[in-house]
>>> print(open('input24.csv').read())   # CSV, C-alpha atoms
chain,number,residue,atom,x,y,z
B,7,MET,CA,85.2,95.6,91.8
B,8,ALA,CA,87.6,95.6,94.6
B,9,LEU,CA,91.0,95.2,93.0
B,10,LYS,CA,90.1,97.3,89.9
B,11,ASP,CA,90.0,100.3,92.2
B,12,VAL,CA,93.5,99.5,93.6
B,13,GLN,CA,94.8,99.3,90.0
B,14,LYS,CA,93.1,102.6,89.1
B,15,ASP,CA,94.6,104.3,92.2
B,16,VAL,CA,98.0,103.1,91.1
B,17,ASP,CA,97.5,104.1,87.5
B,18,LYS,CA,96.4,107.6,88.4
B,19,TRP,CA,99.4,108.1,90.6
B,20,THR,CA,102.0,106.7,88.3
B,21,ALA,CA,100.7,108.7,85.3
B,22,GLN,CA,102.9,111.6,86.4
B,23,PHE,CA,106.1,109.6,85.7
B,24,ASP,CA,107.9,108.7,82.5
B,25,PRO,CA,108.1,105.8,82.1
B,26,GLN,CA,104.9,105.2,83.9
B,27,TYR,CA,106.0,101.7,84.9
B,28,TRP,CA,109.4,100.2,85.2
B,29,PRO,CA,110.2,97.1,83.3
B,30,PRO,CA,109.1,93.8,84.9
B,31,TYR,CA,112.5,92.8,86.3
B,32,GLU,CA,112.8,96.2,88.1
B,33,ILE,CA,109.3,95.9,89.6
B,34,LEU,CA,110.2,92.4,90.7
B,35,ALA,CA,113.4,93.6,92.4
B,36,ARG,CA,111.4,96.3,94.1
B,37,LEU,CA,108.9,93.7,95.3
B,38,ILE,CA,111.7,91.6,96.8
B,39,GLU,CA,112.9,94.7,98.6
B,40,GLU,CA,109.4,95.3,100.0
B,41,VAL,CA,109.0,91.6,101.1
B,42,GLY,CA,112.5,92.0,102.7
B,43,GLU,CA,111.2,94.9,104.7
B,44,LEU,CA,108.2,92.8,105.8
B,45,GLY,CA,110.7,90.1,106.9
B,46,ARG,CA,112.6,92.6,109.0
B,47,GLU,CA,109.3,93.8,110.5
B,48,ILE,CA,108.2,90.3,111.4
B,49,ASN,CA,111.6,89.7,113.1
B,50,HIS,CA,111.1,92.9,115.0
B,51,LEU,CA,107.6,91.9,116.2
B,52,HIS,CA,108.1,88.2,116.8
B,53,GLY,CA,111.8,87.3,116.8
B,54,THR,CA,114.4,86.5,119.4
B,55,LYS,CA,115.9,90.0,119.2
B,56,LYS,CA,112.9,92.2,119.4
B,57,LYS,CA,113.0,95.9,118.4
B,58,LYS,CA,113.8,98.2,121.2
B,59,ALA,CA,110.7,100.0,122.5
B,60,GLU,CA,111.8,103.4,121.1
B,61,GLU,CA,112.2,101.9,117.7
B,62,ALA,CA,108.9,100.1,117.8
B,63,THR,CA,106.6,101.1,115.0
B,64,ASN,CA,103.3,100.1,113.5
B,65,ASN,CA,104.9,99.4,110.1
B,66,LEU,CA,103.4,96.0,109.4
B,67,GLY,CA,100.3,97.3,107.7
B,68,GLN,CA,102.4,99.8,105.7
B,69,GLU,CA,104.7,97.1,104.5
B,70,LEU,CA,101.7,95.0,103.4
B,71,ALA,CA,100.2,97.9,101.5
B,72,ASP,CA,103.6,98.6,99.8
B,73,ILE,CA,103.6,95.0,98.6
B,74,ILE,CA,100.1,95.4,97.2
B,75,PHE,CA,101.2,98.6,95.5
B,76,THR,CA,104.1,96.8,93.8
B,77,VAL,CA,101.9,93.9,92.7
B,78,ALA,CA,99.5,96.4,91.2
B,79,CYS,CA,102.3,98.1,89.3
B,80,MET,CA,103.3,94.7,87.9
B,81,ALA,CA,99.7,94.0,87.0
B,82,ASN,CA,99.1,97.4,85.3
B,83,SER,CA,102.4,97.2,83.4
B,84,LYS,CA,101.5,93.8,82.0
B,85,GLY,CA,97.8,94.3,81.4
B,86,VAL,CA,96.7,91.9,84.1
B,87,ASP,CA,93.2,92.3,85.5
B,88,LEU,CA,93.7,91.5,89.2
B,89,GLN,CA,90.0,91.3,90.0
B,90,SER,CA,89.4,88.6,87.5
B,91,GLU,CA,92.6,86.7,88.5
B,92,TRP,CA,91.5,87.0,92.1
B,93,GLU,CA,88.1,85.4,91.3
B,94,LYS,CA,89.9,82.6,89.5
B,95,VAL,CA,92.1,81.9,92.5
B,96,MET,CA,89.2,81.9,94.9
B,97,LYS,CA,87.3,79.5,92.7
B,98,LEU,CA,90.3,77.2,92.5
B,99,LYS,CA,90.6,77.3,96.2
B,100,HIS,CA,86.9,76.4,96.7
B,101,TYR,CA,86.7,73.7,94.1
B,102,GLY,CA,90.2,72.7,93.2
B,103,ARG,CA,93.9,72.3,94.0
B,104,ASP,CA,93.9,73.7,97.5
B,105,GLN,CA,90.9,71.8,98.9
B,106,ASN,CA,93.0,69.3,100.9
B,107,ARG,CA,96.1,71.3,101.4
B,108,PHE,CA,95.3,72.4,105.0
B,109,ASP,CA,93.7,70.7,108.0
B,110,LYS,CA,90.0,71.1,108.1
B,111,LYS,CA,88.2,71.5,111.4
K,15,MET,CA,85.8,99.3,100.1
K,16,ALA,CA,88.1,97.5,97.7
K,17,LEU,CA,90.5,95.7,100.0
K,18,LYS,CA,87.9,94.9,102.7
K,19,ASP,CA,86.2,92.6,100.2
K,20,VAL,CA,89.5,90.8,99.5
K,21,GLN,CA,90.1,90.3,103.2
K,22,LYS,CA,86.5,89.1,103.6
K,23,ASP,CA,86.8,86.5,100.8
K,24,VAL,CA,89.9,85.2,102.5
K,25,ASP,CA,88.4,85.1,105.9
K,26,LYS,CA,85.3,83.2,104.6
K,27,TRP,CA,87.5,80.6,102.8
K,28,THR,CA,90.0,80.1,105.6
K,29,ALA,CA,87.2,79.7,108.2
K,30,GLN,CA,87.0,76.0,107.4
K,31,PHE,CA,90.5,75.4,108.7
K,32,ASP,CA,92.0,75.0,112.1
K,33,PRO,CA,94.0,77.0,112.8
K,34,GLN,CA,92.3,79.5,110.5
K,35,TYR,CA,95.7,81.2,109.9
K,36,TRP,CA,99.2,80.0,110.2
K,37,PRO,CA,101.6,82.0,112.5
K,38,PRO,CA,103.2,85.0,110.9
K,39,TYR,CA,106.5,83.4,110.1
K,40,GLU,CA,104.8,80.6,108.2
K,41,ILE,CA,102.8,83.0,106.2
K,42,LEU,CA,106.0,84.9,105.5
K,43,ALA,CA,107.7,81.7,104.3
K,44,ARG,CA,104.7,81.0,102.0
K,45,LEU,CA,104.8,84.6,100.7
K,46,ILE,CA,108.5,84.1,99.7
K,47,GLU,CA,107.5,80.9,98.0
K,48,GLU,CA,104.9,82.8,96.0
K,49,VAL,CA,107.3,85.6,95.1
K,50,GLY,CA,109.8,83.0,94.0
K,51,GLU,CA,107.2,81.5,91.7
K,52,LEU,CA,106.6,85.0,90.2
K,53,GLY,CA,110.4,85.3,89.7
K,54,ARG,CA,110.4,82.0,87.8
K,55,GLU,CA,107.5,83.2,85.7
K,56,ILE,CA,109.2,86.5,84.9
K,57,ASN,CA,112.3,84.6,83.8
K,58,HIS,CA,110.1,82.4,81.6
K,59,LEU,CA,108.5,85.4,80.0
K,60,HIS,CA,111.4,87.8,79.7
K,61,GLY,CA,114.7,85.9,80.4
K,62,THR,CA,117.5,84.6,78.3
K,63,LYS,CA,116.2,81.1,78.5
K,64,LYS,CA,112.6,81.5,77.6
K,65,LYS,CA,110.1,78.7,78.4
K,66,LYS,CA,109.5,76.4,75.5
K,67,ALA,CA,106.2,77.1,73.7
K,68,GLU,CA,104.6,74.0,75.0
K,69,GLU,CA,105.3,74.9,78.6
K,70,ALA,CA,104.1,78.5,78.0
K,71,THR,CA,101.4,79.5,80.5
K,72,ASN,CA,99.5,82.5,81.5
K,73,ASN,CA,100.5,82.1,85.0
K,74,LEU,CA,101.6,85.7,85.7
K,75,GLY,CA,98.2,86.9,86.8
K,76,GLN,CA,97.7,83.8,89.0
K,77,GLU,CA,101.0,84.4,90.7
K,78,LEU,CA,100.1,88.0,91.4
K,79,ALA,CA,96.7,86.9,92.9
K,80,ASP,CA,98.5,84.3,95.0
K,81,ILE,CA,100.7,87.0,96.5
K,82,ILE,CA,97.6,89.1,97.3
K,83,PHE,CA,96.0,86.1,98.9
K,84,THR,CA,99.0,85.6,101.1
K,85,VAL,CA,99.2,89.3,102.0
K,86,ALA,CA,95.6,89.2,103.0
K,87,CYS,CA,96.2,86.1,105.2
K,88,MET,CA,98.9,88.0,107.0
K,89,ALA,CA,96.7,91.1,107.4
K,90,ASN,CA,93.7,89.1,108.7
K,91,SER,CA,95.8,87.1,111.1
K,92,LYS,CA,97.3,90.3,112.5
K,93,GLY,CA,94.2,92.4,112.5
K,94,VAL,CA,95.4,94.8,109.8
K,95,ASP,CA,92.9,96.9,107.9
K,96,LEU,CA,94.4,96.8,104.4
K,97,GLN,CA,92.0,99.4,103.0
K,98,SER,CA,93.0,102.0,105.6
K,99,GLU,CA,96.7,101.1,105.1
K,100,TRP,CA,96.2,101.5,101.4
K,101,GLU,CA,94.8,104.9,101.8
K,102,LYS,CA,97.7,105.9,104.0
K,103,VAL,CA,100.2,104.7,101.4
K,104,MET,CA,98.5,106.5,98.6
K,105,LYS,CA,98.4,109.7,100.6
K,106,LEU,CA,102.1,109.4,101.5
K,107,LYS,CA,102.8,108.9,97.8
K,108,HIS,CA,100.9,112.0,96.9
K,109,TYR,CA,102.2,114.3,99.6
K,110,GLY,CA,105.2,112.6,101.1
K,111,ARG,CA,108.2,110.5,100.9
K,112,ASP,CA,107.9,109.2,97.3
K,113,GLN,CA,107.2,112.5,95.6
K,114,ASN,CA,110.7,112.9,94.2
K,115,ARG,CA,111.7,109.3,94.0
K,116,PHE,CA,110.9,108.8,90.3
K,117,ASP,CA,111.5,110.9,87.2
K,118,LYS,CA,108.5,113.1,86.4
K,119,LYS,CA,107.4,113.8,82.9
Q,22,MET,CA,140.8,80.6,99.8
Q,23,ALA,CA,137.4,79.1,100.5
Q,24,LEU,CA,135.1,81.1,98.4
Q,25,LYS,CA,137.5,81.5,95.5
Q,26,ASP,CA,137.1,77.7,94.9
Q,27,VAL,CA,133.3,78.0,94.9
Q,28,GLN,CA,133.6,80.8,92.3
Q,29,LYS,CA,136.0,78.7,90.2
Q,30,ASP,CA,133.7,75.6,90.3
Q,31,VAL,CA,130.9,77.8,89.0
Q,32,ASP,CA,133.0,79.4,86.4
Q,33,LYS,CA,134.2,76.1,85.0
Q,34,TRP,CA,130.7,74.7,84.8
Q,35,THR,CA,129.1,77.8,83.3
Q,36,ALA,CA,131.9,78.1,80.7
Q,37,GLN,CA,130.0,75.7,78.5
Q,38,PHE,CA,127.0,78.1,78.0
Q,39,ASP,CA,126.5,81.1,75.9
Q,40,PRO,CA,126.0,83.5,77.5
Q,41,GLN,CA,128.1,82.2,80.3
Q,42,TYR,CA,126.1,84.3,82.8
Q,43,TRP,CA,122.6,85.7,82.6
Q,44,PRO,CA,122.1,89.5,83.2
Q,45,PRO,CA,122.0,90.5,86.8
Q,46,TYR,CA,118.2,90.9,87.0
Q,47,GLU,CA,117.7,87.3,85.7
Q,48,ILE,CA,120.1,86.0,88.3
Q,49,LEU,CA,118.3,87.9,90.9
Q,50,ALA,CA,115.0,86.4,89.8
Q,51,ARG,CA,116.5,83.0,90.0
Q,52,LEU,CA,117.9,83.7,93.5
Q,53,ILE,CA,114.4,84.6,94.6
Q,54,GLU,CA,113.1,81.4,93.2
Q,55,GLU,CA,115.7,79.5,95.1
Q,56,VAL,CA,115.0,81.4,98.4
Q,57,GLY,CA,111.3,80.6,97.8
Q,58,GLU,CA,112.1,76.9,97.6
Q,59,LEU,CA,114.0,77.2,100.8
Q,60,GLY,CA,110.9,78.9,102.3
Q,61,ARG,CA,108.7,76.0,101.2
Q,62,GLU,CA,111.2,73.5,102.7
Q,63,ILE,CA,111.2,75.3,106.0
Q,64,ASN,CA,107.4,75.2,106.1
Q,65,HIS,CA,107.6,71.5,105.3
Q,66,LEU,CA,110.1,70.9,108.1
Q,67,HIS,CA,108.7,73.2,110.8
Q,68,GLY,CA,105.3,74.5,109.8
Q,69,THR,CA,101.7,73.8,110.9
Q,70,LYS,CA,101.1,71.6,107.9
Q,71,LYS,CA,104.1,69.4,107.8
Q,72,LYS,CA,105.0,67.4,104.7
Q,73,LYS,CA,103.6,63.9,104.7
Q,74,ALA,CA,106.1,61.3,105.5
Q,75,GLU,CA,106.3,59.9,102.0
Q,76,GLU,CA,107.1,63.4,100.7
Q,77,ALA,CA,109.7,64.0,103.3
Q,78,THR,CA,113.1,64.9,101.8
Q,79,ASN,CA,116.4,66.0,102.8
Q,80,ASN,CA,116.2,69.0,100.6
Q,81,LEU,CA,117.3,71.7,103.0
Q,82,GLY,CA,121.0,71.3,102.3
Q,83,GLN,CA,120.5,71.2,98.5
Q,84,GLU,CA,118.4,74.4,98.7
Q,85,LEU,CA,121.2,76.2,100.6
Q,86,ALA,CA,123.8,75.0,98.1
Q,87,ASP,CA,121.5,76.2,95.2
Q,88,ILE,CA,121.4,79.7,96.8
Q,89,ILE,CA,125.2,79.7,97.1
Q,90,PHE,CA,125.5,78.7,93.5
Q,91,THR,CA,123.2,81.6,92.4
Q,92,VAL,CA,125.1,84.0,94.6
Q,93,ALA,CA,128.4,82.8,93.0
Q,94,CYS,CA,126.9,83.3,89.5
Q,95,MET,CA,126.0,86.9,90.4
Q,96,ALA,CA,129.5,87.5,91.8
Q,97,ASN,CA,131.3,86.0,88.8
Q,98,SER,CA,129.2,88.0,86.4
Q,99,LYS,CA,129.9,91.2,88.2
Q,100,GLY,CA,133.6,90.6,88.9
Q,101,VAL,CA,133.1,90.4,92.7
Q,102,ASP,CA,135.7,88.6,94.8
Q,103,LEU,CA,133.6,86.8,97.4
Q,104,GLN,CA,136.5,85.8,99.6
Q,105,SER,CA,137.6,89.4,100.0
Q,106,GLU,CA,134.0,90.5,100.6
Q,107,TRP,CA,133.6,87.7,103.1
Q,108,GLU,CA,136.7,88.9,105.0
Q,109,LYS,CA,135.3,92.4,105.0
Q,110,VAL,CA,132.0,91.3,106.4
Q,111,MET,CA,133.6,89.2,109.1
Q,112,LYS,CA,135.9,92.1,110.1
Q,113,LEU,CA,132.8,94.4,110.3
Q,114,LYS,CA,131.1,91.9,112.5
Q,115,HIS,CA,134.0,91.7,114.8
Q,116,TYR,CA,134.8,95.3,115.1
Q,117,GLY,CA,131.8,97.2,113.7
Q,118,ARG,CA,128.2,97.6,113.1
Q,119,ASP,CA,126.9,94.2,114.3
Q,120,GLN,CA,128.7,94.1,117.6
Q,121,ASN,CA,125.7,95.0,119.7
Q,122,ARG,CA,123.0,93.7,117.4
Q,123,PHE,CA,122.5,90.4,119.3
Q,124,ASP,CA,122.3,89.4,122.9
Q,125,LYS,CA,125.7,88.4,124.3
Q,126,LYS,CA,126.0,85.6,126.7
V,7,MET,CA,137.5,72.5,102.3
V,8,ALA,CA,136.1,75.8,101.0
V,9,LEU,CA,132.7,76.0,102.6
V,10,LYS,CA,133.8,74.4,105.9
V,11,ASP,CA,135.9,77.4,106.6
V,12,VAL,CA,133.0,79.7,106.0
V,13,GLN,CA,130.9,77.7,108.4
V,14,LYS,CA,133.7,77.8,111.0
V,15,ASP,CA,134.1,81.5,110.7
V,16,VAL,CA,130.4,81.9,111.4
V,17,ASP,CA,130.4,79.5,114.2
V,18,LYS,CA,133.3,81.2,115.9
V,19,TRP,CA,131.7,84.6,115.7
V,20,THR,CA,128.2,83.5,116.7
V,21,ALA,CA,129.6,81.6,119.7
V,22,GLN,CA,129.5,84.8,121.7
V,23,PHE,CA,125.7,85.0,121.5
V,24,ASP,CA,122.9,83.3,123.4
V,25,PRO,CA,121.1,81.7,121.6
V,26,GLN,CA,124.0,81.1,119.2
V,27,TYR,CA,121.6,80.8,116.3
V,28,TRP,CA,118.0,82.1,115.8
V,29,PRO,CA,115.3,79.6,115.0
V,30,PRO,CA,115.0,78.7,111.3
V,31,TYR,CA,112.1,81.0,110.5
V,32,GLU,CA,113.9,83.9,111.9
V,33,ILE,CA,117.0,83.2,109.9
V,34,LEU,CA,114.8,82.8,106.8
V,35,ALA,CA,113.2,86.2,107.5
V,36,ARG,CA,116.7,87.7,107.8
V,37,LEU,CA,117.7,86.0,104.5
V,38,ILE,CA,114.8,87.6,102.7
V,39,GLU,CA,115.8,91.0,104.2
V,40,GLU,CA,119.3,90.5,102.8
V,41,VAL,CA,118.0,89.4,99.4
V,42,GLY,CA,115.7,92.5,99.4
V,43,GLU,CA,118.8,94.7,100.0
V,44,LEU,CA,120.5,93.0,97.0
V,45,GLY,CA,117.3,93.7,95.0
V,46,ARG,CA,117.6,97.4,95.9
V,47,GLU,CA,121.3,97.4,95.0
V,48,ILE,CA,120.6,95.9,91.6
V,49,ASN,CA,118.0,98.5,90.9
V,50,HIS,CA,120.4,101.2,91.9
V,51,LEU,CA,123.1,99.8,89.6
V,52,HIS,CA,121.0,98.8,86.6
V,53,GLY,CA,117.5,100.2,86.9
V,54,THR,CA,115.6,103.1,85.3
V,55,LYS,CA,116.1,105.3,88.4
V,56,LYS,CA,119.8,104.9,89.1
V,57,LYS,CA,121.2,106.0,92.4
V,58,LYS,CA,122.6,109.5,92.4
V,59,ALA,CA,126.3,109.6,92.0
V,60,GLU,CA,126.9,110.7,95.6
V,61,GLU,CA,124.9,107.8,96.9
V,62,ALA,CA,126.7,105.3,94.7
V,63,THR,CA,128.3,102.6,96.7
V,64,ASN,CA,130.1,99.4,96.2
V,65,ASN,CA,127.6,97.5,98.2
V,66,LEU,CA,126.9,94.6,95.8
V,67,GLY,CA,129.8,92.5,97.1
V,68,GLN,CA,128.8,93.2,100.7
V,69,GLU,CA,125.2,92.2,100.0
V,70,LEU,CA,126.3,88.9,98.5
V,71,ALA,CA,128.6,88.2,101.5
V,72,ASP,CA,125.7,89.0,103.8
V,73,ILE,CA,123.6,86.4,102.0
V,74,ILE,CA,126.3,83.8,102.4
V,75,PHE,CA,126.6,84.6,106.0
V,76,THR,CA,122.9,84.1,106.6
V,77,VAL,CA,123.0,80.8,104.6
V,78,ALA,CA,125.9,79.6,106.7
V,79,CYS,CA,123.9,80.5,109.9
V,80,MET,CA,121.0,78.3,108.6
V,81,ALA,CA,123.4,75.5,107.7
V,82,ASN,CA,125.1,75.6,111.1
V,83,SER,CA,121.9,75.8,113.1
V,84,LYS,CA,120.5,72.7,111.2
V,85,GLY,CA,123.7,70.7,111.1
V,86,VAL,CA,124.1,70.9,107.3
V,87,ASP,CA,127.6,70.3,105.8
V,88,LEU,CA,127.6,72.9,103.0
V,89,GLN,CA,130.8,71.6,101.4
V,90,SER,CA,129.3,68.2,100.9
V,91,GLU,CA,126.0,69.7,99.7
V,92,TRP,CA,128.0,71.9,97.3
V,93,GLU,CA,129.7,68.8,95.9
V,94,LYS,CA,126.4,67.1,95.4
V,95,VAL,CA,125.0,70.1,93.5
V,96,MET,CA,128.0,70.4,91.3
V,97,LYS,CA,127.8,66.7,90.5
V,98,LEU,CA,124.1,67.0,89.7
V,99,LYS,CA,124.8,69.9,87.4
V,100,HIS,CA,127.5,67.9,85.6
V,101,TYR,CA,125.7,64.7,85.2
V,102,GLY,CA,122.1,65.4,85.9
V,103,ARG,CA,119.1,67.6,86.0
V,104,ASP,CA,120.6,70.8,84.8
V,105,GLN,CA,122.5,69.5,81.8
V,106,ASN,CA,120.1,70.8,79.2
V,107,ARG,CA,118.6,73.7,81.1
V,108,PHE,CA,120.7,76.3,79.4
V,109,ASP,CA,121.9,76.9,75.8
V,110,LYS,CA,125.2,75.4,75.2
V,111,LYS,CA,127.8,77.0,72.9
>>> encode(input="input24.csv", output="C-alpha cells")
Amino acid sequence: MALKDVQKDVDKWTAQFDPQYWPPYEILARLIEEVGELGREINHLHGTKKKKAEEATNNLGQELADIIFTVACMANSKGVDLQSEWEKVMKLKHYGRDQNRFDKK
Amino acid sequence: MALKDVQKDVDKWTAQFDPQYWPPYEILARLIEEVGELGREINHLHGTKKKKAEEATNNLGQELADIIFTVACMANSKGVDLQSEWEKVMKLKHYGRDQNRFDKK
Amino acid sequence: MALKDVQKDVDKWTAQFDPQYWPPYEILARLIEEVGELGREINHLHGTKKKKAEEATNNLGQELADIIFTVACMANSKGVDLQSEWEKVMKLKHYGRDQNRFDKK
Amino acid sequence: MALKDVQKDVDKWTAQFDPQYWPPYEILARLIEEVGELGREINHLHGTKKKKAEEATNNLGQELADIIFTVACMANSKGVDLQSEWEKVMKLKHYGRDQNRFDKK
C-alpha cells in the first residue's frame, strides 16, 4: 500500500488549490528545480568547496522528500498508480532488464 | 509505514551487488538521467512533435517509479529515513513555508 | 562575437521548421533530456560500473554541444542575446558575487 | 572561432583557483543546479503561478549564460574543443540523424 498513502497525502493537501495540479510541463520544471537543489546539497556535502560550517544543514532528506512530493503530483495529475508501477519496476529488476547491469558479489 | 517499505524493497534488491550502493555523485547522475527520460516522455505525450502512434508507450509511470527507485538508493546509501522526512515535508506544507505559494480556491 | 554566431547557426538551421522553435517548456524538457544524457556519459566514463570497452564512445563533446544547441534554441525563441548575457556573467564573476566562492591559489 | 573564445574566457577566469576545475561529477551537479534555476525561471515567466510583479526579473538570459559557463568548465576540464564539437553537431543536423525529427514547412 506504501505509495498509495503518499499519493493520498498529496491529494489531500493539494485539494485546497485551484487548479489542484499544475500542467505536466510545469510539474516537470518544478521537479528539475528540486533535483537542482539536491545537486547543490550534494556539492555542499561532498564537493571540493564544502559548505561553511555555519551554513551546514541537514537538507538532504528534505530535498529527497521534495522530489517524491513532485513525482507524486505528476502521478496524481496523470492518473498514475505509483504502487503498481513500483511493483512492475521491482519485478523487472528481479527478472529482467537490470539483472546484469551491476556487478554482483 | 509507506516509504519504509520502498526503502526495504530497494535494500533487499541491491544487497546482491558490491558495492551495494554507488557513491552519491553517481546516484545523482543516474537520477538526472531518469529525469531526462521523464522529460522526453512528457515531450512525447504533450509536445509539438508527438511520438508516432507506433512508438507510443505507457512509459510515464515507469519513469516516475525509476525516479523513486533512484531517490530511495540515495536515501539508503546516506541513512536517510524517507518516511520521517516525508512527514516533516507534509507538516511544513500544512503549517509553513508553502502555505501561500499557490492560489487557494 | 562568439555566441552570436552560435545563435545564427541555430537560427539558420531551424528556419526550415514550422514552428521554428518549440514553446519554452518543451525546450526545457529537451534540455533536461540532454543533461540526462551527459549524466549517463559521465557515469560511463567515471563511475563504478564503467561502460564496456566495445560500448565506449567519445560522446562527451557531442553531449556538451547538444546542450549548447538547446540553450541557443531557448535564447533565440525568447529574444535573448547570449553574447551580451555572457559578458554580463563574466563581469559579475570578475567583480561581483562569485569572487569569493572558490578557493584562490 | 566562436566557442573557443568562450572557453578562453572561462580558462582565464578560473586560472585564479586551485584546483582550476572541479572534478566532472561536481561540475555536473552544478550544471543541474543551473538548469534547475532555469526551470524555476520558466515557471515564473510562463507558469500557473507567475512571479509577483515586484519579484519579476530578467534572469532568463543570465541563467542561460550560467549554463554555458558550466558547460565550458566541463569542456575545459576534459580537454573538449567545443567549436569542433559544435561543427560536428551542425553537420549531423544538416545531413544526418535530425533531418526528419521535426516538421518541415
>>> calpha_fit_and_write(input="input24.csv", fixed="chain Q", moving="chain V", output="short mmCIF file (atom, residue, chain, number, x, y, z; two decimals) with C-alpha atoms, in the frame of the given file")
data_model
loop_
_atom_site.label_atom_id
_atom_site.label_comp_id
_atom_site.auth_asym_id
_atom_site.auth_seq_id
_atom_site.Cartn_x
_atom_site.Cartn_y
_atom_site.Cartn_z
CA MET V 7 140.87 80.54 99.70
CA ALA V 8 137.43 79.13 100.54
CA LEU V 9 135.10 81.17 98.40
CA LYS V 10 137.50 81.40 95.44
CA ASP V 11 137.12 77.73 94.89
CA VAL V 12 133.38 78.02 94.87
CA GLN V 13 133.60 80.76 92.29
CA LYS V 14 135.98 78.64 90.18
CA ASP V 15 133.73 75.66 90.30
CA VAL V 16 130.90 77.81 88.99
CA ASP V 17 132.97 79.41 86.38
CA LYS V 18 134.20 76.10 85.07
CA TRP V 19 130.73 74.68 84.79
CA THR V 20 129.10 77.78 83.31
CA ALA V 21 131.88 78.05 80.70
CA GLN V 22 129.98 75.63 78.51
CA PHE V 23 127.07 78.05 78.08
CA ASP V 24 126.50 81.07 75.87
CA PRO V 25 125.98 83.58 77.45
CA GLN V 26 128.09 82.22 80.32
CA TYR V 27 126.08 84.23 82.81
CA TRP V 28 122.53 85.73 82.63
CA PRO V 29 122.13 89.44 83.14
CA PRO V 30 121.92 90.53 86.80
CA TYR V 31 118.14 90.84 86.97
CA GLU V 32 117.72 87.40 85.69
CA ILE V 33 120.11 85.96 88.21
CA LEU V 34 118.28 87.93 90.93
CA ALA V 35 114.95 86.45 89.76
CA ARG V 36 116.52 82.97 89.94
CA LEU V 37 117.85 83.76 93.46
CA ILE V 38 114.39 84.64 94.66
CA GLU V 39 113.07 81.37 93.13
CA GLU V 40 115.70 79.47 95.10
CA VAL V 41 114.95 81.37 98.31
CA GLY V 42 111.21 80.63 97.74
CA GLU V 43 112.06 76.89 97.51
CA LEU V 44 113.95 77.18 100.85
CA GLY V 45 110.84 78.94 102.25
CA ARG V 46 108.71 75.96 101.18
CA GLU V 47 111.24 73.53 102.67
CA ILE V 48 111.19 75.32 106.00
CA ASN V 49 107.45 75.19 106.10
CA HIS V 50 107.53 71.52 105.33
CA LEU V 51 110.05 70.88 108.12
CA HIS V 52 108.72 73.22 110.80
CA GLY V 53 105.30 74.52 109.85
CA THR V 54 101.71 73.76 110.93
CA LYS V 55 101.10 71.61 107.81
CA LYS V 56 104.15 69.37 107.75
CA LYS V 57 104.96 67.41 104.66
CA LYS V 58 103.62 63.89 104.66
CA ALA V 59 106.16 61.35 105.65
CA GLU V 60 106.44 59.91 102.13
CA GLU V 61 107.16 63.32 100.71
CA ALA V 62 109.78 64.09 103.33
CA THR V 63 113.08 64.88 101.79
CA ASN V 64 116.45 66.06 102.78
CA ASN V 65 116.24 69.02 100.53
CA LEU V 66 117.30 71.77 102.97
CA GLY V 67 121.01 71.29 102.29
CA GLN V 68 120.41 71.22 98.54
CA GLU V 69 118.37 74.43 98.71
CA LEU V 70 121.14 76.21 100.58
CA ALA V 71 123.75 75.00 98.04
CA ASP V 72 121.50 76.21 95.25
CA ILE V 73 121.44 79.65 96.85
CA ILE V 74 125.20 79.73 97.06
CA PHE V 75 125.46 78.71 93.52
CA THR V 76 123.22 81.53 92.36
CA VAL V 77 125.19 84.02 94.55
CA ALA V 78 128.43 82.83 93.03
CA CYS V 79 126.90 83.31 89.50
CA MET V 80 126.08 86.96 90.45
CA ALA V 81 129.55 87.47 91.91
CA ASN V 82 131.26 86.04 88.83
CA SER V 83 129.14 87.92 86.33
CA LYS V 84 129.90 91.27 88.17
CA GLY V 85 133.54 90.60 88.92
CA VAL V 86 133.08 90.42 92.71
CA ASP V 87 135.77 88.60 94.79
CA LEU V 88 133.56 86.86 97.38
CA GLN V 89 136.49 85.76 99.56
CA SER V 90 137.61 89.31 100.03
CA GLU V 91 134.02 90.50 100.58
CA TRP V 92 133.60 87.68 103.13
CA GLU V 93 136.68 88.91 104.98
CA LYS V 94 135.36 92.42 105.05
CA VAL V 95 132.02 91.26 106.50
CA MET V 96 133.63 89.16 109.13
CA LYS V 97 135.84 92.08 110.12
CA LEU V 98 132.84 94.39 110.29
CA LYS V 99 131.02 91.93 112.48
CA HIS V 100 134.02 91.70 114.82
CA TYR V 101 134.81 95.30 115.13
CA GLY V 102 131.85 97.16 113.81
CA ARG V 103 128.22 97.55 113.09
CA ASP V 104 126.96 94.25 114.31
CA GLN V 105 128.72 94.12 117.65
CA ASN V 106 125.68 94.94 119.74
CA ARG V 107 122.96 93.69 117.44
CA PHE V 108 122.45 90.47 119.29
CA ASP V 109 122.33 89.44 122.99
CA LYS V 110 125.62 88.37 124.21
CA LYS V 111 126.05 85.58 126.79
#
>>> interface_residues(input="input24.csv", of="chain B", to="chain V", cutoff="7 Å", atoms="only C-alpha atoms", output="VMD selection string")
chain B and resid 28 32 35 to 36 38 to 43 45 to 46 49 53 to 54
>>> atom_distance(input="input24.csv", atom1="CA of Gln68 (chain V)", atom2="CA of Val110 (chain Q)")
6.8 Å
>>> atom_distance(input="input24.csv", atom1="CA of Lys14 (chain B)", atom2="CA of Gly67 (chain B)")
20.6 Å
>>> closest_residue(input="input24.csv", among="Q:His115, Q:Val27, Q:Trp107, Q:Leu66", to="Thr76 (chain V)", atoms="only C-alpha atoms")
Q:Trp107
>>> closest_residue(input="input24.csv", among="B:Asp11, B:Trp19, B:Leu98, B:Pro30", to="Ala81 (chain B)", atoms="all atoms listed in the file")
B:Pro30
>>> atom_distance(input="input24.csv", atom1="CA of Gln26 (chain B)", atom2="CA of Asn82 (chain B)")
9.8 Å
>>> residues_around(input="input24.csv", residues="Ile89 (chain Q)", least_positions_apart="4", cutoff="9 Å", atoms="all atoms listed in the file", output="PDB file with C-alpha atoms, keeping the file's coordinate frame")
ATOM      1  CA  VAL Q  27     133.300  78.000  94.900  1.00  0.00           C
ATOM      2  CA  GLU Q  84     118.400  74.400  98.700  1.00  0.00           C
ATOM      3  CA  LEU Q  85     121.200  76.200 100.600  1.00  0.00           C
ATOM      4  CA  ALA Q  93     128.400  82.800  93.000  1.00  0.00           C
ATOM      5  CA  CYS Q  94     126.900  83.300  89.500  1.00  0.00           C
TER       6      CYS Q  94
ATOM      7  CA  ILE V  73     123.600  86.400 102.000  1.00  0.00           C
ATOM      8  CA  ILE V  74     126.300  83.800 102.400  1.00  0.00           C
ATOM      9  CA  VAL V  77     123.000  80.800 104.600  1.00  0.00           C
ATOM     10  CA  TRP V  92     128.000  71.900  97.300  1.00  0.00           C
TER      11      TRP V  92
END
